[in-house]
Amino acid sequence: MTAGRRFLIALLALALIAGLGLKRILRRQDRDSLRAVMVQRAGLSVSVLATGVVQPQNRVEIKPPIPGRAEEILVREGQEVRKGQVLAWMSSVERAALLDAARAKGPSELAHWQDLYKPTPLVAPLGGLVISRNVEPGQSVTAQDPVLVMSNRLIVKAQVDETDIGRVGLGQEAEIVLDAYPRERVSARVDHVAYEARTVNNVTIYEVEVAPGSVPGFMRSGMTANVTFLVARRENALVLPAEAVRQEEGGSFVLVPDPSGKGRPLRREIKTGISDGKRIEVLSGIEEGDPVLVRAFQLPKGGGPQGSPFSPWGRPGARREGRERPNQR
């Protein structure tokens, strides 16, 4: 046998031994990387998140029926008014000019013309909230200038991605959190879902109107809001970490310890329910308190590299210990 053939055979033998050693190490590491978690009971909810803006559901600009001058503004911003309530008194251009001329002649002349030539009322077309007061007494206006702006109620218009719109429906429970008041949570329900999509930044979205059950006093039009739509909720459900459940061939299964404690983990088929992405509901296949194996992802101690098990120097920690040991006398 030539020297080259003997060298090749020795090289193949070394490769085979190294491969078998690596396989044993990987199997041992795979077993060691599994940790047991218990099936527990807990509340579980699934939700859809979206952002939106607080806006009036019906925003009405109240404009004067005639051009002229505002004589009196009877309401202020934030005030609740009823339908038909007089909000302001307006003078036409002619009446304003006449009163100014009468005022120059004295109080009696002014009172005479004020009683004879009545101002025009500005009336609330609906009951609601005054959200903007744009004119003050004595200011001249045209028929196109909104004197006041009203809203019957404030809502949040949320932008829901098309991939989530199928899980949002009328009357669905929701929760509103305003960026300006992150600790305040406002209960709400879905009041309307748009029938036509819009494209915002190359993303197809549907506009969903979310109506608070009771509009808090700190809510203002134009505020940015985060909306959580409740899709499903389970109380006292059997739950597992989502990473403990594996999907294969259209079914779900988990790994459980071998009862003898010596063999490989066993597969057990289960039936699952809802999931919030972190936890998953278990409907059947395992019971409360059963151990289930989950792969544990752990960083090396000390945060440093472990090194190759085939390195002649071993692990980096071992090299340090080997150098330091002669000094520890």
# chains A, B, ... in the order shown; residues from 1 in each chain; ligands from 1

$ select_by_dssp --residues "stretch 211-313 of chain A" --states "strand (DSSP E or B)" --output "PyMOL selection string"
chain A and resi 211-212+224-241+246-248+251-256+266-275+279-284+291-295

$ residues_around --residues "A:Pro216" --least-positions-apart "4" --cutoff "12 Å" --atoms "only C-alpha atoms" --output "PDB file with C-alpha atoms, in the first residue's frame"
ATOM      1  CA  GLY A  78     -66.336  73.394  24.888  1.00  0.00           C
ATOM      2  CA  ARG A 153     -69.777  64.003  19.430  1.00  0.00           C
ATOM      3  CA  LEU A 154     -66.080  63.175  19.196  1.00  0.00           C
ATOM      4  CA  ILE A 155     -64.936  59.849  17.786  1.00  0.00           C
ATOM      5  CA  ILE A 176     -58.771  54.081  23.122  1.00  0.00           C
ATOM      6  CA  VAL A 177     -55.536  55.481  24.560  1.00  0.00           C
ATOM      7  CA  LEU A 178     -54.562  59.041  23.640  1.00  0.00           C
ATOM      8  CA  TYR A 181     -52.961  60.930  28.175  1.00  0.00           C
ATOM      9  CA  GLU A 184     -56.160  57.006  30.620  1.00  0.00           C
ATOM     10  CA  ARG A 185     -58.083  54.193  28.906  1.00  0.00           C
ATOM     11  CA  VAL A 186     -61.397  54.968  27.235  1.00  0.00           C
ATOM     12  CA  SER A 187     -63.897  52.181  26.535  1.00  0.00           C
ATOM     13  CA  ALA A 188     -65.434  52.347  23.059  1.00  0.00           C
ATOM     14  CA  ALA A 211     -67.146  55.862  19.319  1.00  0.00           C
ATOM     15  CA  PRO A 212     -66.336  56.243  23.041  1.00  0.00           C
ATOM     16  CA  ARG A 220     -59.875  67.096  22.004  1.00  0.00           C
ATOM     17  CA  SER A 221     -60.319  67.061  18.252  1.00  0.00           C
TER      18      SER A 221
END

$ atom_distance --atom1 "atom CA of A:Arg103" --atom2 "atom CA of A:Ile73"
20.7 Å

$ select_by_dssp --residues "stretch 30-213 of chain A" --states "alpha helix (DSSP H)" --output "ChimeraX atom specification"
/A:30-32,93-105,107-116

$ write_last_selection --atoms "C-alpha atoms" --output "mmCIF file, in the first residue's frame"
data_model
loop_
_atom_site.group_PDB
_atom_site.id
_atom_site.type_symbol
_atom_site.label_atom_id
_atom_site.label_comp_id
_atom_site.auth_asym_id
_atom_site.auth_seq_id
_atom_site.Cartn_x
_atom_site.Cartn_y
_atom_site.Cartn_z
ATOM 1 C CA ASP A 30 -30.222 19.587 21.912
ATOM 2 C CA ARG A 31 -31.356 17.692 25.015
ATOM 3 C CA ASP A 32 -29.680 20.177 27.335
ATOM 4 C CA VAL A 93 -74.192 95.512 6.562
ATOM 5 C CA GLU A 94 -77.113 97.990 6.384
ATOM 6 C CA ARG A 95 -78.072 97.574 10.055
ATOM 7 C CA ALA A 96 -74.462 97.921 11.180
ATOM 8 C CA ALA A 97 -74.084 101.175 9.197
ATOM 9 C CA LEU A 98 -77.422 102.506 10.534
ATOM 10 C CA LEU A 99 -76.533 101.738 14.167
ATOM 11 C CA ASP A 100 -73.133 103.378 13.807
ATOM 12 C CA ALA A 101 -74.812 106.561 12.497
ATOM 13 C CA ALA A 102 -77.409 106.475 15.304
ATOM 14 C CA ARG A 103 -74.725 105.962 17.933
ATOM 15 C CA ALA A 104 -73.134 109.256 16.856
ATOM 16 C CA LYS A 105 -76.423 111.074 17.569
ATOM 17 C CA PRO A 107 -78.040 106.915 23.265
ATOM 18 C CA SER A 108 -81.730 107.592 22.691
ATOM 19 C CA GLU A 109 -81.355 107.555 18.920
ATOM 20 C CA LEU A 110 -79.331 104.316 19.129
ATOM 21 C CA ALA A 111 -81.950 102.646 21.374
ATOM 22 C CA HIS A 112 -84.703 103.697 18.948
ATOM 23 C CA TRP A 113 -83.074 102.036 15.958
ATOM 24 C CA GLN A 114 -81.966 98.979 17.926
ATOM 25 C CA ASP A 115 -85.603 98.398 18.919
ATOM 26 C CA LEU A 116 -86.870 99.085 15.415
#

$ closest_residue --among "A:Met38, A:Val168, A:Leu12, A:Pro121" --to "A:Val292" --atoms "only C-alpha atoms"
A:Met38

$ closest_residue --among "A:Glu243, A:Glu71, A:Glu175, A:Asp145" --to "A:Val227" --atoms "only C-alpha atoms"
A:Glu175

$ closest_residue --among "A:Val231, A:Ala174, A:Ala124, A:Leu238" --to "A:Asp290" --atoms "only C-alpha atoms"
A:Leu238

$ residues_around --residues "A:Leu126" --least-positions-apart "6" --cutoff "9 Å" --atoms "only C-alpha atoms" --output "PyMOL selection string"
chain A and resi 60+81-85+150-152

$ residues_around --residues "stretch 272-289 of chain A" --least-positions-apart "2" --cutoff "6 Å" --atoms "only C-alpha atoms" --output "list in words"
Met38, Val39, Gln40, Val46, Leu238, Val239, Leu240, Pro241, Ala242 and Ile270 of chain A

$ write_last_selection --atoms "C-alpha atoms" --output "mmCIF file, in the first residue's frame"
data_model
loop_
_atom_site.group_PDB
_atom_site.id
_atom_site.type_symbol
_atom_site.label_atom_id
_atom_site.label_comp_id
_atom_site.auth_asym_id
_atom_site.auth_seq_id
_atom_site.Cartn_x
_atom_site.Cartn_y
_atom_site.Cartn_z
ATOM 1 C CA MET A 38 -46.090 23.758 33.062
ATOM 2 C CA VAL A 39 -49.494 24.040 31.424
ATOM 3 C CA GLN A 40 -51.263 26.806 33.329
ATOM 4 C CA VAL A 46 -56.508 38.498 20.957
ATOM 5 C CA LEU A 238 -55.221 26.448 29.474
ATOM 6 C CA VAL A 239 -52.226 28.251 27.977
ATOM 7 C CA LEU A 240 -48.684 27.484 26.862
ATOM 8 C CA PRO A 241 -45.869 29.631 25.477
ATOM 9 C CA ALA A 242 -46.323 29.827 21.718
ATOM 10 C CA ILE A 270 -52.879 18.652 20.932
#

$ atom_distance --atom1 "atom CA of A:Ile165" --atom2 "atom CA of A:Arg246"
27.4 Å

$ closest_residue --among "A:Arg76, A:Arg268, A:Lys118, A:Arg198" --to "A:Val135" --atoms "only C-alpha atoms"
A:Arg76

$ residues_around --residues "A:Val86" --least-positions-apart "6" --cutoff "12 Å" --atoms "only C-alpha atoms" --output "PDB file with C-alpha atoms, in the first residue's frame"
ATOM      1  CA  ILE A  62     -72.073  77.655  11.245  1.00  0.00           C
ATOM      2  CA  GLU A  72     -72.908  89.173  20.339  1.00  0.00           C
ATOM      3  CA  ILE A  73     -71.374  85.702  20.624  1.00  0.00           C
ATOM      4  CA  LEU A  74     -73.306  83.846  23.329  1.00  0.00           C
ATOM      5  CA  VAL A  75     -71.294  80.618  23.602  1.00  0.00           C
ATOM      6  CA  PRO A 119     -80.528  91.703  14.695  1.00  0.00           C
ATOM      7  CA  THR A 120     -80.442  88.308  12.993  1.00  0.00           C
ATOM      8  CA  PRO A 121     -79.995  85.254  15.241  1.00  0.00           C
ATOM      9  CA  LEU A 122     -77.467  82.502  14.534  1.00  0.00           C
ATOM     10  CA  VAL A 123     -79.107  79.215  15.592  1.00  0.00           C
ATOM     11  CA  ALA A 124     -77.573  75.807  16.418  1.00  0.00           C
ATOM     12  CA  PRO A 125     -78.579  73.330  13.692  1.00  0.00           C
ATOM     13  CA  LEU A 126     -77.989  70.352  16.022  1.00  0.00           C
ATOM     14  CA  GLY A 127     -77.329  69.547  19.627  1.00  0.00           C
ATOM     15  CA  LEU A 148     -68.654  78.776  15.073  1.00  0.00           C
TER      16      LEU A 148
END

$ atom_distance --atom1 "atom CA of A:Pro265" --atom2 "atom CA of A:Gly250"
21.0 Å

$ closest_residue --among "A:Tyr195, A:Tyr117, A:Trp89, A:Phe229" --to "A:Glu207" --atoms "only C-alpha atoms"
A:Tyr195

$ closest_residue --among "A:Ser45, A:Thr199, A:Asn134, A:Gln144" --to "A:Val160" --atoms "only C-alpha atoms"
A:Thr199

$ residues_around --residues "A:Glu61" --least-positions-apart "2" --cutoff "8 Å" --atoms "only C-alpha atoms" --output "list of chain:residue names"
A:Arg59, A:Lys63, A:Pro146, A:Val147, A:Leu148, A:Val149, A:Met150
